[in-house]
Amino acid sequence: MSLTRQDVEKIAHLARLSITEQEMPVYVTSLSSIVDFVDELSRAQIGNVEPMAHPLDGQHQRLRPDVVSESDNREKYQANAPAVQAGLYVVPRVIE
Amino acid sequence: MLHTFSIGKLGRSLSSGEISSVELTRSFLARIERLNPSLNALITLTAEQALLAAAAADRRRAAGERGPLLGIPLIHKDIFCTDGVRTSCGSRMLDNFVAPYDATVVTRLKAAGAVMLGKANMDEFAMGSSNETSYYGPVKNPWDTSKVPGGSSGGSAAAAAARLAAFTTGTDTGGSIRQPAALTGVTGVKPTYGRVSRYGMIAFASSLDQAGVFARSAEDAAVVLQVMAGFDPRDSTSIDAPVPDYPAALGESLKGLKIGLLREFFDGLEARNAALIHDALKIYRNLGAETVEVSLPHLPLSVPTYYVVAPAECSSNLSRFDGVRFGYRCENPTDLLDLYKRSRGEGFGAEVKRRIMTGTYVLSAGYFDAYYLKAQKVRRLITDDFRAAFEQVDLLIGPTTPTPAFAIGAKIDDPVTMYLNDIYTIGANLAGLPGLSLPCGFVEGLPMGLQLIGPHFSEAKLLNAAHLFQQATDWHDRSPRGYE
């Protein structure tokens, strides 16, 4: 069940990861071996079992009252931003 | 020899006035300066802040305050956000990130007066079992610096083993506290999922991650866990259950305790390594425990299950690193897509990219049912196996790792070989169970660890079982040559 180069290119695109031409064969090999490894799961006889998303049964998403509890710290949080202007994050032009 | 003192003994020395927090901190900082270069256990040293915190602890003590961690030095795994201090998660992606807030774990330990000396090196984004994927270079095992300390909390483990702090914090998603604790001869505790807050702890796999502690003994770990554990409204997966008094529970007799030997752990274990575990079992029998063989038939599926679930969750969690709001941004992006792809492609290392892509693949259309959904079903089967076992026994026991520490560079080229290091630890993460590793001997001069796993919220029982073993043995008191 090995992955092809096209498979890896598609996955990399979905994951928004650039893979260089040089790196590509290495990723095809290692991802193929990982997928082969986890394929053991597809061979396991499972039967009718409820999937488990949380490790503690009965755990559910807690809710809290819809009341403001955080304060505005935009300047502090934007201190780590690569490019900021007027409190907005600057990115390459999106709309032509 | 302050660095060899237990937390309790350090506390008594501070209370009696024999030493001040500032002096104690200076002494550990001097050790770090001398010994860390050969280990690369730290990414960031916070010497100035440490001395300020120590002085503050001294003032609190002078004002009459007492507390087991007041003025005690620690090192935080660089996965915990620390306000005003770089928090890199071992990655180029966050090399320039100065956290604007403290993780709850950090807040609690700070409130208790513990003094942070620095941030520990780790596998990038907590993905790894050898601390070789860090952007900041590999960490060396103080027992043999050509060997790995384990991972992902390799820096925290190595620092604890070399006594660069009184204790260190770590995180465990598939074994990242227990495995390095075993390979470096220290005691490492992964609590029950939800026991310790994940607020401010950079997320890898949200249903598996848990914060914990490395210490020289279960007794010390109990003191630290007492402070770390507890409900946090800021973590939506934090469990609102009372925290028992862990130190007070130490010393209770093990008479009648039923310990289960996991058959799947012993299958295929090398003779020398198995012998150490069997010696440990003799000690437990002498302490009054009864050992029973149990089987978790689905456990062999735990590694492939984990390597579907964890990458899937990581692909989601790491999607926030997009070069827009914080972290690494590539130079001269041509458009938004280029910004995303190259910031992430350049900012992340190979193992992280492998896992993101594995996760993306197993969650993608056409594969979701075959992999992710299937893995979630197997997860329930594994959890049910554990539950059934705990109907027969109180605790489970086995080796933490299949072998002692391996050489740096030996496994890094083949991801699957590396993944098999987690074979004994992963089950507890999938089932959300608490586990700990304690030193149980040496194979060719390298430490081996004994793993104890308990039912949910049985940390007190685990710590006690470890503590009594440590009262009957001295493996945990040994120090690596050159780091005594």
# chains A, B, ... in the order shown; residues from 1 in each chain; ligands from 1
>>> interface_residues(of="chain A", to="chain B", cutoff="6 Å", atoms="only C-alpha atoms", output="PyMOL selection string")
chain A and resi 16-18+38+49-52+54-55+80-81+92
>>> select_by_dssp(residues="range 4-95 of chain A", states="strand (DSSP E)", output="tab-separated table (two decimals) with N, CA and C atoms, in the first residue's frame")
chain	number	residue	atom	x	y	z
A	84	VAL	N	2.69	43.60	11.34
A	84	VAL	CA	1.44	44.15	11.88
A	84	VAL	C	1.30	45.60	11.43
A	85	GLN	N	0.06	45.97	11.12
A	85	GLN	CA	-0.18	47.38	10.77
A	85	GLN	C	-1.55	47.76	11.30
A	88	LEU	N	-3.63	45.11	12.68
A	88	LEU	CA	-4.02	44.02	11.78
A	88	LEU	C	-2.77	43.25	11.34
A	89	TYR	N	-2.97	41.97	11.06
A	89	TYR	CA	-1.85	41.14	10.61
A	89	TYR	C	-1.67	41.32	9.11
>>> atom_distance(atom1="CA of Ile202 in chain B", atom2="CA of Glu459 in chain B")
23.7 Å
>>> select_by_dssp(residues="range 86-164 of chain B", states="alpha helix (DSSP H)", output="list in words")
Thr104, Val105, Val106, Thr107, Arg108, Leu109, Lys110, Ala111, Gly154, Gly155, Ser156, Ala157, Ala158, Ala159, Ala160 and Ala161 of chain B
>>> atom_distance(atom1="CA of Gly427 in chain B", atom2="CA of Ala205 in chain B")
14.6 Å
>>> atom_distance(atom1="CA of Lys258 in chain B", atom2="CA of Leu436 in chain B")
17.1 Å
>>> residues_around(residues="range 277-291 of chain B", least_positions_apart="6", cutoff="7 Å", atoms="only C-alpha atoms", output="list in words")
Leu254, Lys255, Gly256, Leu257, Lys258, Ile259, Gly260, Leu261, Gly398, Pro399, Cys440 and Leu450 of chain B
>>> closest_residue(among="A:Ser69, A:Ser2, A:Asn48, A:Ser32", to="Arg234 in chain B", atoms="only C-alpha atoms")
A:Ser69
>>> closest_atom_pairs(of="range 130-198 of chain B", to="range 42-49 of chain B", cutoff="12 Å", atoms="only C-alpha atoms", output="Markdown table")
| residue | atom | partner | partner_atom | distance |
| --- | --- | --- | --- | --- |
| B:Asn131 | CA | B:Leu42 | CA | 11.8 |
| B:Ser134 | CA | B:Ile43 | CA | 9.7 |
| B:Tyr135 | CA | B:Ile43 | CA | 9.7 |
| B:Tyr136 | CA | B:Ile43 | CA | 6.9 |
| B:Gly137 | CA | B:Ile43 | CA | 9.4 |
| B:Pro138 | CA | B:Leu42 | CA | 10.5 |
| B:Val139 | CA | B:Leu42 | CA | 8.5 |
| B:Lys140 | CA | B:Leu42 | CA | 11.0 |
| B:Ser153 | CA | B:Leu42 | CA | 11.1 |
| B:Gly154 | CA | B:Leu42 | CA | 9.9 |
| B:Gly155 | CA | B:Leu42 | CA | 6.3 |
| B:Ser156 | CA | B:Leu42 | CA | 8.2 |
| B:Ala157 | CA | B:Leu42 | CA | 10.9 |
| B:Ala158 | CA | B:Leu42 | CA | 9.5 |
| B:Ala159 | CA | B:Leu42 | CA | 8.0 |
| B:Ala160 | CA | B:Leu42 | CA | 11.5 |
| B:Leu164 | CA | B:Leu42 | CA | 9.8 |
| B:Ala165 | CA | B:Leu42 | CA | 11.4 |
| B:Thr168 | CA | B:Leu42 | CA | 11.3 |
>>> residues_around(residues="range 7-19 of chain B", least_positions_apart="4", cutoff="10 Å", atoms="only C-alpha atoms", output="PDB file with C-alpha atoms, in the first residue's frame")
ATOM      1  CA  LEU B   2      23.051  20.406  47.639  1.00  0.00           C
ATOM      2  CA  HIS B   3      22.139  18.965  44.269  1.00  0.00           C
ATOM      3  CA  GLU B  23      22.532  30.546  47.280  1.00  0.00           C
ATOM      4  CA  LEU B  24      20.752  27.351  46.245  1.00  0.00           C
ATOM      5  CA  ASP B  58      13.664  34.186  50.438  1.00  0.00           C
ATOM      6  CA  ARG B  61      10.156  32.638  53.755  1.00  0.00           C
ATOM      7  CA  ALA B  62      11.389  35.505  55.931  1.00  0.00           C
ATOM      8  CA  GLY B  64       6.883  33.327  57.669  1.00  0.00           C
ATOM      9  CA  GLU B  65       5.641  31.461  54.615  1.00  0.00           C
ATOM     10  CA  ARG B  66       6.408  27.745  54.332  1.00  0.00           C
ATOM     11  CA  GLY B  67       5.710  25.357  51.494  1.00  0.00           C
ATOM     12  CA  PRO B  68       7.463  22.292  50.137  1.00  0.00           C
ATOM     13  CA  LEU B  69       8.484  23.993  46.869  1.00  0.00           C
ATOM     14  CA  LEU B  70       9.270  27.470  48.189  1.00  0.00           C
ATOM     15  CA  GLY B  71      12.652  28.419  46.741  1.00  0.00           C
ATOM     16  CA  ILE B  72      13.198  25.048  45.067  1.00  0.00           C
ATOM     17  CA  PRO B  73      14.823  25.252  41.589  1.00  0.00           C
ATOM     18  CA  ALA B 166      15.733  19.674  41.992  1.00  0.00           C
ATOM     19  CA  PHE B 167      13.061  18.501  39.568  1.00  0.00           C
ATOM     20  CA  ALA B 215      12.366  13.799  40.009  1.00  0.00           C
ATOM     21  CA  ARG B 216      15.055  11.832  41.805  1.00  0.00           C
ATOM     22  CA  SER B 217      12.443   9.811  43.682  1.00  0.00           C
ATOM     23  CA  GLU B 219       8.739  10.933  47.193  1.00  0.00           C
ATOM     24  CA  ASP B 220       9.922  14.092  45.420  1.00  0.00           C
ATOM     25  CA  ALA B 221       7.569  13.498  42.483  1.00  0.00           C
ATOM     26  CA  VAL B 223       5.474  16.715  46.334  1.00  0.00           C
ATOM     27  CA  VAL B 224       5.615  18.271  42.875  1.00  0.00           C
TER      28      VAL B 224
END
